[in-house]
Amino acid sequence: MQLIHLLTRLSALVVLALVMLVGPLQAETEARNRAVELFDQVRADTLEPKDAMDLVKDLPGAANDPVLVAIQGSLMSMQAKEAWFPFRRLQLVNEGIELLDDAAASISPEQDGYLQVYMTAAVTNASVPGFLGRSDFAERFFLSVAQHPRFPRMAPSDRATVFAWRAVLTGLTTSEGASLAKEALFIDPTTANAILNRN
């Protein structure tokens, strides 16, 4: 009887521990999903970057979840397009990049959300004006994504994005750039062409 009682107590403790673990994980997942929804609305021009930024800031874990910090960094950089004064534009881009760097530095390859953080950092760094000197950082972020074990399982559009941007950063007239562009077009022509022909 004592053994049965002990096992019952252990089972109850295990269930309690699982409940305590699942709760925060579910909240984290919901916050990340909501942030991605807001980010996608900005990309679709149905929501202003500043409005999305304010909403993301109010999500649980906004200050320390690398995924949410990375999204805030990208949204901050996007706000530069709406700024009137050049110094304000530069300030917004730099603040956004700083958030992205912080997010990337705070997550390791084995952690959930790593690819999302690094993709966000890579695309944002690749998209900012060239005089800011972020091309090398963008290439490093993209290369980290491409070398990750989960990269082959990413969505075709994401994989094409990595190859296409690497082609642009490497130089489309180089043999390596041409090879990367070819791979991007093979995976997802629509996504690849949007990046390769953006200029």
# chains A, B, ... in the order shown; residues from 1 in each chain; ligands from 1
>>> residues_around(residues="Ala192 in chain A", least_positions_apart="3", cutoff="12 Å", atoms="only C-alpha atoms", output="list in words")
Pro156, Ser157, Asp158, Arg159, Ala160, Thr161, Val162, Phe163, Ala164, Trp165, Arg166, Ala167, Val168, Leu180, Ala181, Lys182, Glu183, Ala184, Leu185, Phe186, Ile187, Asp188, Pro189, Ile195, Leu196, Asn197 and Arg198 of chain A
>>> select_by_dssp(residues="chain A", states="helix (DSSP H, G or I)", output="PyMOL selection string")
chain A and resi 2-43+49-57+66-82+86-105+114-127+130-132+135-146+151-153+156-170+175-187+189-196
>>> residues_around(residues="Ser77 in chain A", least_positions_apart="2", cutoff="7 Å", atoms="only C-alpha atoms", output="number ranges by chain")
A: 73-75, 79-80, 92-93, 96
>>> write_last_selection(atoms="C-alpha atoms", output="PDB file, in the first residue's frame")
ATOM      1  CA  GLY A  73      14.388  44.869 -34.494  1.00  0.00           C
ATOM      2  CA  SER A  74      13.148  44.313 -38.009  1.00  0.00           C
ATOM      3  CA  LEU A  75      10.031  46.415 -37.394  1.00  0.00           C
ATOM      4  CA  GLN A  79      10.018  52.446 -39.575  1.00  0.00           C
ATOM      5  CA  ALA A  80      12.957  54.259 -41.152  1.00  0.00           C
ATOM      6  CA  LEU A  92      15.848  53.773 -36.416  1.00  0.00           C
ATOM      7  CA  VAL A  93      17.893  51.450 -38.620  1.00  0.00           C
ATOM      8  CA  GLY A  96      16.751  47.936 -35.145  1.00  0.00           C
TER       9      GLY A  96
END
>>> closest_residue(among="A:Ser127, A:Gln26, A:Thr170, A:Gln41", to="Glu139 in chain A", atoms="only C-alpha atoms")
A:Thr170
>>> atom_distance(atom1="CA of Leu100 in chain A", atom2="CA of Ala70 in chain A")
4.8 Å
>>> atom_distance(atom1="CA of Pro149 in chain A", atom2="CA of Val56 in chain A")
29.3 Å
>>> atom_distance(atom1="CA of Val42 in chain A", atom2="CA of Ile71 in chain A")
11.2 Å
>>> closest_residue(among="A:Leu143, A:Val67, A:Leu115, A:Ala52", to="Thr29 in chain A", atoms="only C-alpha atoms")
A:Val67
